[in-house]
Structure formats: C-alpha cells, structure tokens
Amino acid sequence: MRLGKREILVGLVFLFGQLAHADDASAKIYEYFGVFNDKDLEQITNNIYAMPLLVGGGEGHLVWNDAESATNSLRNTYKEIESRGWKASVIDNTKTCTLSANLALVDVKFSRMNGEGKAIPPEIRTTLYVLKKTAEGWRIIAFFGHGSAHRPSC
C-alpha cells in the first residue's frame, strides 16, 4: 500500500499533536517536582492535583477527596522523608504515554537527595502519574509507586 502526500501529512500532524501533549504533560511533572521541593502545599493542591486523587503503590491505595486531605498527607510525607535527611527530589528521566488529547501517563524515574547530594535509599524510585487535561491545564489525578524494572511501553 502506497501512502499519498495527504495521508503522510495527516499522520505527521497527528504525531506532532501527540508529542505536544506529551511535552505538556511531562512539563507538569517537572513543575510538580519543583513545587514539591519548595514544599508549596497550596500550589500543589490547587494547581497540580485534581481532586479526588488516587494514590497507590506499596501496601495499598487511598483517595484524597479534597485539598485538606492531600495537604495533611503531604505534611506527613514531608515529616517522614525529612527524618531520613531529604532535601530535594530530582528527576532522572520521564517517559510519557499520550492516551488521548486529555489523558496522559508520565512515568518518572527519580531520586530523593539528602543535604550532601547523595541519594536516599532506595536510590532509584519510579512513580507512574496519570494526568488529565482540564480547562486549567494538565492536572495529576492519580499516581502509583512501582518497581523501576517495570516501566510502561507506549
């Protein structure tokens, strides 16, 4: 089967559109890590997350129904990771799967760093974020910690 110029052009427009969505969704994750490192709970709950938010991985799953439940959980997270010397979380790389114009998966490989610039064990962490595009832009609607050996293949 031979493709004409029109079919190739339509395919390229679709591909570049999907790549633009992937870049936008991935950029939201980089923004999230920045405000997470700044411990800006208001920015996280109002401009990064969309409620309700599903959180999973490890021993189970929970749902943050509102900004207050997310803020309380994040405060506990900061308390726990700071007790282990945490100063910042640093992204090594992301892998984005655009499922539609309004839905994307962003898998993030990252490390939690201490004040000396060394990774806090486990040195490599992976989390899969589910993002939905809203009127305000991309928002995280769920995230799941998982083993680094198993990353999504789009």
# chains A, B, ... in the order shown; residues from 1 in each chain; ligands from 1
$ residues_around --residues "Gly57 in chain A" --least-positions-apart "6" --cutoff "12 Å" --atoms "only C-alpha atoms" --output "short mmCIF file (atom, residue, chain, number, x, y, z; two decimals) with N, CA and C atoms, in the first residue's frame"
data_model
loop_
_atom_site.label_atom_id
_atom_site.label_comp_id
_atom_site.auth_asym_id
_atom_site.auth_seq_id
_atom_site.Cartn_x
_atom_site.Cartn_y
_atom_site.Cartn_z
N ARG A 125 13.90 5.48 42.29
CA ARG A 125 12.46 5.33 42.56
C ARG A 125 11.72 5.57 41.25
N THR A 126 10.57 4.94 41.12
CA THR A 126 9.74 5.19 39.95
C THR A 126 8.29 5.36 40.39
N THR A 127 7.65 6.33 39.78
CA THR A 127 6.24 6.59 40.04
C THR A 127 5.56 6.86 38.71
N LEU A 128 4.39 6.27 38.54
CA LEU A 128 3.58 6.49 37.35
C LEU A 128 2.48 7.49 37.71
N TYR A 129 2.47 8.61 37.00
CA TYR A 129 1.47 9.66 37.21
C TYR A 129 0.44 9.60 36.09
N ALA A 142 -3.94 10.84 39.57
CA ALA A 142 -3.55 9.61 40.27
C ALA A 142 -2.05 9.43 40.15
N PHE A 143 -1.47 8.73 41.14
CA PHE A 143 -0.08 8.31 40.99
C PHE A 143 0.16 7.03 41.77
N PHE A 144 1.10 6.24 41.24
CA PHE A 144 1.37 4.91 41.76
C PHE A 144 2.86 4.65 41.78
N GLY A 145 3.43 4.39 42.95
CA GLY A 145 4.81 3.98 43.03
C GLY A 145 4.93 2.54 42.53
N HIS A 146 6.04 2.24 41.87
CA HIS A 146 6.22 0.87 41.35
C HIS A 146 7.70 0.57 41.19
N GLY A 147 8.01 -0.68 40.95
CA GLY A 147 9.39 -1.10 40.77
C GLY A 147 10.02 -0.51 39.52
#
$ residues_around --residues "Ser111 in chain A" --least-positions-apart "2" --cutoff "6 Å" --atoms "only C-alpha atoms" --output "list in words"
Ser89, Val90, Ala119, Glu123, Ile124 and Arg125 of chain A
$ closest_residue --among "A:Pro52, A:Gly60, A:Pro122, A:Pro152" --to "Arg139 in chain A" --atoms "only C-alpha atoms"
A:Pro52
$ closest_residue --among "A:Arg112, A:Ala70, A:Ala101, A:Ile29" --to "Thr134 in chain A" --atoms "only C-alpha atoms"
A:Ala101
$ atom_distance --atom1 "CA of Thr45 in chain A" --atom2 "CA of Ala67 in chain A"
5.4 Å
$ select_by_dssp --residues "range 25-96 of chain A" --states "alpha helix (DSSP H)" --output "MDAnalysis selection string"
chainID A and resid 25:37 41:43 67:83
$ write_last_selection --atoms "C-alpha atoms" --output "PDB file, in the first residue's frame"
ATOM      1  CA  ALA A  25       2.078  16.559  30.482  1.00  0.00           C
ATOM      2  CA  SER A  26       5.753  15.912  31.178  1.00  0.00           C
ATOM      3  CA  ALA A  27       6.316  19.630  31.855  1.00  0.00           C
ATOM      4  CA  LYS A  28       3.584  19.477  34.513  1.00  0.00           C
ATOM      5  CA  ILE A  29       5.542  16.749  36.295  1.00  0.00           C
ATOM      6  CA  TYR A  30       8.707  18.871  36.272  1.00  0.00           C
ATOM      7  CA  GLU A  31       6.630  21.752  37.656  1.00  0.00           C
ATOM      8  CA  TYR A  32       5.256  19.417  40.331  1.00  0.00           C
ATOM      9  CA  PHE A  33       8.717  18.316  41.437  1.00  0.00           C
ATOM     10  CA  GLY A  34       9.746  21.976  41.698  1.00  0.00           C
ATOM     11  CA  VAL A  35       6.841  22.969  43.941  1.00  0.00           C
ATOM     12  CA  PHE A  36       7.153  19.699  45.880  1.00  0.00           C
ATOM     13  CA  ASN A  37      10.787  20.569  46.619  1.00  0.00           C
ATOM     14  CA  LEU A  41       1.323  22.797  49.574  1.00  0.00           C
ATOM     15  CA  GLU A  42      -1.143  25.389  48.315  1.00  0.00           C
ATOM     16  CA  GLN A  43       0.348  25.329  44.811  1.00  0.00           C
ATOM     17  CA  ALA A  67      -7.252  19.700  49.252  1.00  0.00           C
ATOM     18  CA  GLU A  68      -7.338  19.305  53.035  1.00  0.00           C
ATOM     19  CA  SER A  69      -6.782  15.533  52.921  1.00  0.00           C
ATOM     20  CA  ALA A  70      -3.986  15.987  50.356  1.00  0.00           C
ATOM     21  CA  THR A  71      -2.337  18.698  52.472  1.00  0.00           C
ATOM     22  CA  ASN A  72      -2.473  16.553  55.617  1.00  0.00           C
ATOM     23  CA  SER A  73      -0.994  13.568  53.807  1.00  0.00           C
ATOM     24  CA  LEU A  74       1.736  15.684  52.203  1.00  0.00           C
ATOM     25  CA  ARG A  75       2.673  17.121  55.621  1.00  0.00           C
ATOM     26  CA  ASN A  76       3.111  13.558  56.879  1.00  0.00           C
ATOM     27  CA  THR A  77       5.157  12.689  53.786  1.00  0.00           C
ATOM     28  CA  TYR A  78       7.488  15.644  54.357  1.00  0.00           C
ATOM     29  CA  LYS A  79       7.873  14.724  58.024  1.00  0.00           C
ATOM     30  CA  GLU A  80       8.799  11.147  57.100  1.00  0.00           C
ATOM     31  CA  ILE A  81      11.236  11.937  54.290  1.00  0.00           C
ATOM     32  CA  GLU A  82      12.873  14.811  56.179  1.00  0.00           C
ATOM     33  CA  SER A  83      13.504  12.426  59.080  1.00  0.00           C
TER      34      SER A  83
END
$ closest_residue --among "A:Asp24, A:Gly56, A:Ala50, A:Val63" --to "Ile140 in chain A" --atoms "only C-alpha atoms"
A:Ala50
$ atom_distance --atom1 "CA of Phe110 in chain A" --atom2 "CA of Ala135 in chain A"
28.8 Å
